[in-house]
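Before any comments, here is the structure.
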Amino acid sequence: PTAGYLALAVATWDATGYLAAILKKKLVLVECGDRAETSAALETFRRACDAGRGGVFLCAARSAAFQQACSGRAGAYARCVVFAGVPFLPTDDAALRARLDRALTTRGAREAEYLAADAVRQCQGALGSKKSVVVLADARFGRGDKLRHLPPASRRAVAGGDASADSAVEAMKAYFRGAYDVEGPEDAEEDPSTEAPALAWEVSEIGRASCR
């Protein structure tokens, strides 16, 4: 969810060989601190998808790169969005802390509840797409304070129990076969009442399944 967590995950997956395994099949692009380089990486990701190779774009959940990747023209390429953790606000930031305190004072809400609702809202854009799959790779999404803020279909999927990496991969394969067996992704009309399927998935399972 954060730039620091992303850097740690990339280093871990590189050291364990997961990135090398993914690179055999897909191009992997990573958000960095430089805006121009990140924009270039996102454009390369789009071109790789257009060319038929496909790609993996790794970015922090609250970053500008994430917003670009999951909305507008770029959003058409976000066929599978994995949230590796819950994207909470960084409450150690003084400015954010001040805004949070004001919100809690005016709304009378509890801090934990406010942070949970805000974190789930960060996932809503990806969860609203008809032609994508969203993997909520953290067991905390199944807890009541976050579960009740998910869209109904996603809430039912998460409440149904944690999915193993193997069952999650099979479920995604089946969904994509059904989603594109009649109409292509570019020609299909989006149904605003249709939510992307969500899968509860332990974060420790991500690397193993990513190599499929």
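The chains in the structure tokens are called A, B, ... from first to last as shown; in each chain the residues are counted from 1, and the ligands are counted from 1 in the order shown.
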
Neighbouring residues of region 41-48 of chain A were defined as those with any atom within 12 Å, considering only C-alpha atoms; residues of the same chain fewer than 6 positions away were excluded. Please report them as an mmCIF file with N, CA, C and O atoms, in the first residue's frame.
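Generated file (part.cif):
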```cif
data_model
loop_
_atom_site.group_PDB
_atom_site.id
_atom_site.type_symbol
_atom_site.label_atom_id
_atom_site.label_comp_id
_atom_site.auth_asym_id
_atom_site.auth_seq_id
_atom_site.Cartn_x
_atom_site.Cartn_y
_atom_site.Cartn_z
ATOM 1 N N LYS A 25 7.187 -14.359 -18.575
ATOM 2 C CA LYS A 25 5.905 -14.312 -19.275
ATOM 3 C C LYS A 25 5.366 -12.890 -19.443
ATOM 4 O O LYS A 25 4.659 -12.603 -20.415
ATOM 5 N N LYS A 26 5.671 -12.018 -18.495
ATOM 6 C CA LYS A 26 5.109 -10.669 -18.523
ATOM 7 C C LYS A 26 6.190 -9.630 -18.234
ATOM 8 O O LYS A 26 7.136 -9.895 -17.489
ATOM 9 N N LEU A 27 6.005 -8.445 -18.823
ATOM 10 C CA LEU A 27 6.873 -7.321 -18.515
ATOM 11 C C LEU A 27 6.487 -6.775 -17.144
ATOM 12 O O LEU A 27 5.301 -6.673 -16.823
ATOM 13 N N VAL A 28 7.461 -6.430 -16.298
ATOM 14 C CA VAL A 28 7.194 -5.890 -14.965
ATOM 15 C C VAL A 28 7.704 -4.462 -14.888
ATOM 16 O O VAL A 28 8.884 -4.208 -15.140
ATOM 17 N N LEU A 29 6.815 -3.529 -14.578
ATOM 18 C CA LEU A 29 7.172 -2.124 -14.408
ATOM 19 C C LEU A 29 6.887 -1.710 -12.976
ATOM 20 O O LEU A 29 5.916 -2.175 -12.376
ATOM 21 N N VAL A 30 7.717 -0.842 -12.408
ATOM 22 C CA VAL A 30 7.579 -0.435 -11.016
ATOM 23 C C VAL A 30 7.564 1.085 -10.904
ATOM 24 O O VAL A 30 8.391 1.770 -11.515
ATOM 25 N N GLU A 31 6.629 1.599 -10.120
ATOM 26 C CA GLU A 31 6.584 3.034 -9.838
ATOM 27 C C GLU A 31 7.851 3.438 -9.082
ATOM 28 O O GLU A 31 8.336 2.696 -8.221
ATOM 29 N N CYS A 32 8.386 4.617 -9.402
ATOM 30 C CA CYS A 32 9.561 5.109 -8.679
ATOM 31 C C CYS A 32 9.291 6.541 -8.201
ATOM 32 O O CYS A 32 8.218 7.089 -8.428
ATOM 33 N N GLY A 33 10.261 7.134 -7.547
ATOM 34 C CA GLY A 33 10.076 8.467 -6.997
ATOM 35 C C GLY A 33 10.015 9.579 -8.025
ATOM 36 O O GLY A 33 9.516 10.667 -7.739
ATOM 37 N N ASP A 34 10.500 9.314 -9.224
ATOM 38 C CA ASP A 34 10.515 10.333 -10.267
ATOM 39 C C ASP A 34 9.219 10.258 -11.085
ATOM 40 O O ASP A 34 8.894 9.202 -11.647
ATOM 41 N N ARG A 35 8.504 11.385 -11.176
ATOM 42 C CA ARG A 35 7.212 11.387 -11.858
ATOM 43 C C ARG A 35 7.347 11.069 -13.340
ATOM 44 O O ARG A 35 6.543 10.316 -13.902
ATOM 45 N N GLY A 54 1.264 -8.278 -22.517
ATOM 46 C CA GLY A 54 0.740 -8.027 -21.181
ATOM 47 C C GLY A 54 1.837 -7.569 -20.246
ATOM 48 O O GLY A 54 3.023 -7.567 -20.599
ATOM 49 N N GLY A 55 1.458 -7.157 -19.056
ATOM 50 C CA GLY A 55 2.463 -6.667 -18.120
ATOM 51 C C GLY A 55 1.930 -6.581 -16.713
ATOM 52 O O GLY A 55 0.731 -6.764 -16.455
ATOM 53 N N VAL A 56 2.837 -6.312 -15.788
ATOM 54 C CA VAL A 56 2.519 -6.113 -14.375
ATOM 55 C C VAL A 56 3.049 -4.750 -13.983
ATOM 56 O O VAL A 56 4.234 -4.457 -14.186
ATOM 57 N N PHE A 57 2.158 -3.897 -13.451
ATOM 58 C CA PHE A 57 2.572 -2.569 -13.022
ATOM 59 C C PHE A 57 2.432 -2.507 -11.506
ATOM 60 O O PHE A 57 1.338 -2.650 -10.958
ATOM 61 N N LEU A 58 3.552 -2.312 -10.802
ATOM 62 C CA LEU A 58 3.568 -2.279 -9.345
ATOM 63 C C LEU A 58 3.635 -0.833 -8.873
ATOM 64 O O LEU A 58 4.508 -0.075 -9.281
ATOM 65 N N CYS A 59 2.705 -0.446 -8.004
ATOM 66 C CA CYS A 59 2.694 0.927 -7.501
ATOM 67 C C CYS A 59 2.045 0.976 -6.126
ATOM 68 O O CYS A 59 1.375 0.032 -5.706
ATOM 69 N N ALA A 64 -0.287 8.791 -7.245
ATOM 70 C CA ALA A 64 -0.856 9.291 -8.492
ATOM 71 C C ALA A 64 -0.792 8.224 -9.566
ATOM 72 O O ALA A 64 -1.685 8.125 -10.420
ATOM 73 N N ALA A 65 0.251 7.406 -9.538
ATOM 74 C CA ALA A 65 0.386 6.337 -10.524
ATOM 75 C C ALA A 65 -0.757 5.337 -10.409
ATOM 76 O O ALA A 65 -1.275 4.839 -11.414
ATOM 77 N N PHE A 66 -1.169 5.036 -9.187
ATOM 78 C CA PHE A 66 -2.291 4.116 -8.986
ATOM 79 C C PHE A 66 -3.573 4.707 -9.566
ATOM 80 O O PHE A 66 -4.352 4.015 -10.225
ATOM 81 N N GLN A 67 -3.807 5.995 -9.314
ATOM 82 C CA GLN A 67 -5.002 6.642 -9.848
ATOM 83 C C GLN A 67 -5.002 6.606 -11.373
ATOM 84 O O GLN A 67 -6.036 6.395 -11.999
ATOM 85 N N GLN A 68 -3.845 6.827 -11.981
ATOM 86 C CA GLN A 68 -3.740 6.775 -13.441
ATOM 87 C C GLN A 68 -3.989 5.355 -13.966
ATOM 88 O O GLN A 68 -4.639 5.164 -14.984
ATOM 89 N N ALA A 69 -3.441 4.389 -13.253
ATOM 90 C CA ALA A 69 -3.525 3.004 -13.719
ATOM 91 C C ALA A 69 -4.939 2.442 -13.640
ATOM 92 O O ALA A 69 -5.293 1.545 -14.404
ATOM 93 N N CYS A 70 -5.758 2.961 -12.711
ATOM 94 C CA CYS A 70 -7.095 2.391 -12.488
ATOM 95 C C CYS A 70 -8.226 3.290 -12.962
ATOM 96 O O CYS A 70 -9.386 3.054 -12.619
ATOM 97 N N ARG A 73 -8.292 6.188 -19.538
ATOM 98 C CA ARG A 73 -7.785 5.309 -20.607
ATOM 99 C C ARG A 73 -6.950 4.175 -20.031
ATOM 100 O O ARG A 73 -7.040 3.029 -20.466
ATOM 101 N N ALA A 74 -6.121 4.503 -19.024
ATOM 102 C CA ALA A 74 -5.259 3.469 -18.443
ATOM 103 C C ALA A 74 -6.066 2.406 -17.711
ATOM 104 O O ALA A 74 -5.650 1.257 -17.612
ATOM 105 N N GLY A 75 -7.236 2.791 -17.174
ATOM 106 C CA GLY A 75 -8.049 1.847 -16.425
ATOM 107 C C GLY A 75 -8.488 0.655 -17.244
ATOM 108 O O GLY A 75 -8.786 -0.415 -16.703
ATOM 109 N N ALA A 76 -8.544 0.811 -18.572
ATOM 110 C CA ALA A 76 -8.919 -0.297 -19.440
ATOM 111 C C ALA A 76 -7.892 -1.422 -19.400
ATOM 112 O O ALA A 76 -8.178 -2.552 -19.790
ATOM 113 N N TYR A 77 -6.694 -1.126 -18.917
ATOM 114 C CA TYR A 77 -5.626 -2.123 -18.855
ATOM 115 C C TYR A 77 -5.548 -2.804 -17.487
ATOM 116 O O TYR A 77 -4.813 -3.768 -17.332
ATOM 117 N N ALA A 78 -6.276 -2.306 -16.508
ATOM 118 C CA ALA A 78 -6.213 -2.847 -15.146
ATOM 119 C C ALA A 78 -7.176 -4.019 -15.021
ATOM 120 O O ALA A 78 -8.239 -3.921 -14.408
ATOM 121 N N ARG A 79 -6.811 -5.150 -15.617
ATOM 122 C CA ARG A 79 -7.695 -6.316 -15.631
ATOM 123 C C ARG A 79 -7.662 -7.090 -14.313
ATOM 124 O O ARG A 79 -8.613 -7.779 -13.974
#
```

Give me every strand (DSSP E or B) residue in region 58-184 of chain A, going by DSSP on the backbone, as a PyMOL selection string. chain A and resi 58+80-83+133-136+163

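Closest approach to Leu89 (chain A) among A:Thr106, A:Val134, A:Ala112, A:Ser39: A:Ala112, based on only C-alpha atoms.
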
Neighbour list for region 91-93 of chain A as a ChimeraX atom specification, cut-off 12 Å, only C-alpha atoms, skip fewer than 4 positions in-chain: /A:87,97-101,111-112,114-115

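Between Gln124 (chain A) and the residues A:Lys24, A:His149, A:Arg156, A:Arg177, the shortest atom-to-atom distance, using only C-alpha atoms, involves A:His149.
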